[in-house]
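Notes for the one structure printed next.
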Amino acid sequence: MKVLNLQCAHGHGFEGWFASNDAFDTQLAAGLVECPICGDTAIVKMLSAPRLNLGNPKGPQAQETSSRHAVTEVSSPEARWMRAVRELMSKTEDVGDRFADEARKMHYGEAEERGIRGQATREQAEQLLDEGIAVMPLPLPAALKETLQ
């Protein structure tokens, strides 16, 4: 298994796991490798150090280094954004293209209030805003529209 450091044309860095370098090259050429943040398929392989599994490091210095690395990785803007979007998705109902209708029903008391997400045209969103119904666009990368692993 090859773990590669990848980056899209917008500068978003992420890891990709592939069976081999050839598998990466094949998937990249077919447009199957995309940025989990923005969905861009213009991906480049970044330089990376080899990963060596030398067992469980012992001692306070190893634990301190490991903790610092974890904090840095988790606190990147991309990681925070992905966590926030995943949380939002887990706490809202996907109503698909019925978004505008469902938002109106809730606003006018015809349906139970709940967190919803879905698709609306620009015109539908503007009409909802004119009616005093707060909506906000949230572009989602394709990776988040699938089952999260």
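Chains: A, B, ... in order of the structure tokens. Residues: from 1 per chain. Ligands: from 1, in order shown.
Residues lying within 9 Å of Gly16 in chain A, counting only C-alpha atoms and ignoring same-chain neighbours fewer than 6 positions away, are Lys2, Val3, Leu4, Asn5, Leu6, Phe24 and Val33 of chain A.
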Can you pull out every residue within 7 Å of Ile116 in chain A, counting only C-alpha atoms, but drop anything in the same chain fewer than 5 positions away, and send it as a list in words?
Thr92, Glu93, Asp94 and Val95 of chain A
C-alpha atoms of the current selection, written as a PDB file, in the first residue's frame:
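So result.pdb came out as:
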ATOM      1  CA  THR A  92     -29.365  17.580   9.126  1.00  0.00           C
ATOM      2  CA  GLU A  93     -31.796  15.770   6.857  1.00  0.00           C
ATOM      3  CA  ASP A  94     -31.060  15.680   3.126  1.00  0.00           C
ATOM      4  CA  VAL A  95     -34.317  16.675   1.408  1.00  0.00           C
TER       5      VAL A  95
END
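When only C-alpha atoms are used to compute distances to His12 in chain A, the closest of the residues A:Glu78, A:Asp130, A:Glu110, A:Glu34 turns out to be A:Glu78.
Taking only C-alpha atoms into account, Lys91 in chain A lies nearest to A:Arg114 out of the set A:Arg122, A:His10, A:Lys45, A:Arg114.
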For Phe18 in chain A, which residue out of A:Ala30, A:Met1, A:Ala42, A:Leu128 is the nearest one, using only C-alpha atoms?
A:Met1
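Taking CA of Leu32 in chain A and CA of Met82 in chain A as endpoints, the distance between them is 20.2 Å.
Nearest to Leu138 in chain A of all the residues A:Gln124, A:Gln119, A:Ser48, A:Ser90 is A:Gln119, based on only C-alpha atoms.
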Quick one: residues within 9 Å of Ala9 in chain A, only C-alpha atoms counted, chain neighbours fewer than 6 positions away excluded, as a PDB file with N, CA and C atoms, in the first residue's frame?
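For reference, selection_8.pdb as written:
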ATOM      1  N   ASP A  40     -11.518  19.176  -7.118  1.00  0.00           N
ATOM      2  CA  ASP A  40     -10.615  19.405  -8.248  1.00  0.00           C
ATOM      3  C   ASP A  40      -9.916  18.100  -8.628  1.00  0.00           C
ATOM      4  N   THR A  41      -9.759  17.856  -9.910  1.00  0.00           N
ATOM      5  CA  THR A  41      -9.062  16.648 -10.375  1.00  0.00           C
ATOM      6  C   THR A  41      -7.669  16.951 -10.921  1.00  0.00           C
ATOM      7  N   ALA A  42      -7.232  18.214 -10.828  1.00  0.00           N
ATOM      8  CA  ALA A  42      -5.868  18.580 -11.222  1.00  0.00           C
ATOM      9  C   ALA A  42      -4.974  18.335 -10.005  1.00  0.00           C
ATOM     10  N   ILE A  43      -4.540  17.091  -9.847  1.00  0.00           N
ATOM     11  CA  ILE A  43      -3.829  16.650  -8.651  1.00  0.00           C
ATOM     12  C   ILE A  43      -2.359  16.403  -8.984  1.00  0.00           C
ATOM     13  N   VAL A  44      -1.490  16.812  -8.062  1.00  0.00           N
ATOM     14  CA  VAL A  44      -0.071  16.517  -8.202  1.00  0.00           C
ATOM     15  C   VAL A  44       0.407  15.775  -6.957  1.00  0.00           C
TER      16      VAL A  44
END
Might you pull out every residue within 12 Å of Arg117 in chain A, with only C-alpha atoms counted and same-chain residues fewer than 4 positions away left off, and present them as a count of residues only?
24
